[in-house]
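Participant: Before we start, here is the structure in question, set down as C-alpha cells.
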Amino acid sequence: MNGGLSGGIEAANAKRSGEMTLVGHLTDLRRRILFTLAALIVGVAAGLACAQSLIAWMKSVPPADQLAWNIFSPGDAVRLYLNVGFISGVVISLPFSMYQLWLFLKPGLAEEERRVSFMFIPAALLLFVAGLAFGYFVVFRMALLFTSAVAHRLELTETYGIMQYFSFLFNITIPIALMFELPVVVLFLTKLRILKPRMLRRFRRYAYMALVIVAGVITPPDAVSMLLVYAPMIVLYEGSVLLSSRMEAKSLPSE
C-alpha cells in the first residue's frame with residue numbers, strides 16, 4: 001500500500017517536473033523571440049537610416065550607373081526605401097538572432113554539441129555575407145549585362161522600373177546567400193554524426209534535380225539567370241560533400 005502510494009507520488013512529482021520543464025522551455029522561447037524581435041526593430045531602424053546612402057551607392061556602381069531608374073507608380077519610391085531598409089535590418093540583426101537561437105537550443109545539447117554549434121555561428125555569418133557579395137558582384141552583374149547586351153542587339157531601349165530592378169536583384173542575391181549556408185549545415189550535421197558523406201553521394205542525382213527546381217523558382221523566367229544561379233549551387237553541394245568527407249576522415253582516427 002505504502003509502496004503504491006509512494007510510487008504514485010513519485011510519478012506525480014515527475015509529471016509535475018516535466019510540466020514545469022515544458023513551461024520553462026516555453027518561457028525561454030518567448031524571451032528569445034522577444035529579444036530577436038527587439039534586435040530586428042533596432043536593425044530595421046538602422047537599415048532605414050542607411051537606406052538612402054545604400055541606394056545611392058548601388059546607383060553609382062556598374063552596371064547600374066549606366067541605367068536610368070524609373071518609377072511607374074507613386075508608391076514605388078516608398079516601397080524601395082522600406083524594402084532596402086528592412087533587408088538591411090535583417091542582415092544587421094542576424095548575428096544576434098542566431099545567438100538567441102543557440103541560447104534556446106543550448107540546454108538540450110551535450111557539451112560537445114554546444115561547442116560545435118557555437119563554433120559554426122561565425123562561419124555561417126561570414127558565408128551569408130560572402131553569398132550576398134557573390135550574388136551581387138558576380139551573378140547579378142552577369143545577368144544584367146547579358147540582358148542589356150540582348151536588348152542592344154535587338155535595338156531596344158532599356159527603361160527599367162525601380163521595383164522591377166530590385167526584384168530582379170533580390171531574387172538572385174538572397175537565395176544565393178542562403179545557399180552559401182549549405183557547407184556549414186552539412187559540416188555541422190556531419191560533426192554531430194547525423195549526416196554521412198556517403199549519403200550525400202548516394203542522393204546526388206536527387207539533390208541536383210532539387211537544385212534545378214530551386215534555381216527555376218528563385219530566378220526570373222529565363223535560362224541564363226537560372227544557369228547563373230544553378231552553377232554555384234552545384235559547386236557548393238560538391239564542396240559540402242568534400243568537406244564532409246574530410247571531417248569524417250579526421251574524426252575516425254580520434255575515435
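We name chains A, B, ... following the order of the C-alpha cells; residues begin at 1 in each chain, and ligands are numbered from 1 as shown.
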Do you know which residues are at most 10 Å from region 56-62 of chain A counting only C-alpha atoms, after dropping those on the same chain fewer than 5 positions away, and could you put them as a list in words?
Facilitator: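 So the residues in contact are Ala51, Leu67, Ala68, Trp69, Phe137, Arg141 and Leu145 of chain A.
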Participant: Between A:Gly75, A:Gly85, A:Gly24, A:Pro183, single out the one closest to Leu54 (chain A), counting only C-alpha atoms.
Facilitator: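 Checking each candidate against Leu54 (chain A), we get A:Gly85 as the closest.
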Participant: Enumerate as a PyMOL selection string all residues of region 32-249 of chain A assigned to alpha helix (DSSP H) by DSSP on the backbone, naming them with the chain letters and numbers the document uses.
Facilitator: chain A and resi 32-60+76-105+111-134+141-153+162-179+182-191+197-202+204-218+223-249
Participant: Name the residues of region 19-230 of chain A that fall into strand (DSSP E) according to DSSP on the backbone, using the chain letters and numbers of this document, as a VMD selection string.
Facilitator: chain A and resid 69 to 70 160 to 161
Participant: Near Phe96 (chain A), within 8 Å and counting only C-alpha atoms, which residues show up once chain neighbours fewer than 4 positions away are dropped, as a ChimeraX atom specification?
Facilitator: /A:36,39,100
Participant: May I have the selected residues written with all heavy atoms, as a compact mmCIF listing (two decimals), in the first residue's frame?
Facilitator:
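Listed below is the output, part.txt:
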```txt
# COMPACT_ATOMS: atom_id res chain seq x y z
N THR A 36 14.79 38.67 -30.09
CA THR A 36 15.05 38.68 -31.53
C THR A 36 14.24 39.77 -32.23
O THR A 36 14.75 40.48 -33.10
CB THR A 36 14.71 37.30 -32.14
OG1 THR A 36 15.51 36.30 -31.49
CG2 THR A 36 15.00 37.28 -33.63
N ALA A 39 15.81 43.08 -31.47
CA ALA A 39 17.01 43.28 -32.28
C ALA A 39 16.64 43.59 -33.72
O ALA A 39 17.28 44.42 -34.38
CB ALA A 39 17.89 42.02 -32.23
N GLN A 100 20.66 34.11 -30.22
CA GLN A 100 19.47 33.79 -29.43
C GLN A 100 18.98 32.38 -29.73
O GLN A 100 18.53 31.66 -28.83
CB GLN A 100 18.37 34.81 -29.71
CG GLN A 100 18.66 36.21 -29.19
CD GLN A 100 18.88 36.24 -27.70
OE1 GLN A 100 18.09 35.68 -26.93
NE2 GLN A 100 19.95 36.89 -27.27
```
Participant: So that I can see what lies close to Thr147 (chain A), please list as a PyMOL selection string the residues with an atom at most 12 Å from it, counting only C-alpha atoms and leaving out residues fewer than 2 positions away in the same chain.
Facilitator: chain A and resi 63+140-145+149-154+156-158+160+168+220+222-225
Participant: State, in Å with one decimal place, the distance from CA of Gln52 (chain A) to CA of Gly161 (chain A).
Facilitator: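 The value is 17.6 Å.
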Participant: At a cut-off of 12 Å, using only C-alpha atoms, what residues contact region 176-178 of chain A? Leave out same-chain residues fewer than 5 positions from it and give the result as JSON, numbers by chain.
Facilitator: {"A": [91, 124, 125, 126, 127, 128, 129, 130, 131, 132, 133, 134, 135, 136, 137, 138, 139, 140, 169, 170, 171, 183, 184, 185, 211, 214, 215, 218, 219, 226, 228, 229, 230, 231, 232, 233, 234, 235, 236]}
Participant: As an exercise, work out the distance from CA of Asp65 (chain A) to CA of Gly47 (chain A) in Å and give it to one decimal place.
Facilitator: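 Calculated distance between CA of Asp65 (chain A) and CA of Gly47 (chain A) is 22.6 Å.
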Participant: Calculated over only C-alpha atoms, which of the candidates A:Arg201, A:Ala123, A:Ile87, A:Tyr165 has the smallest distance to Leu182 (chain A)?
Facilitator: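 Once distances to Leu182 (chain A) are computed over only C-alpha atoms, the minimum belongs to A:Ala123.
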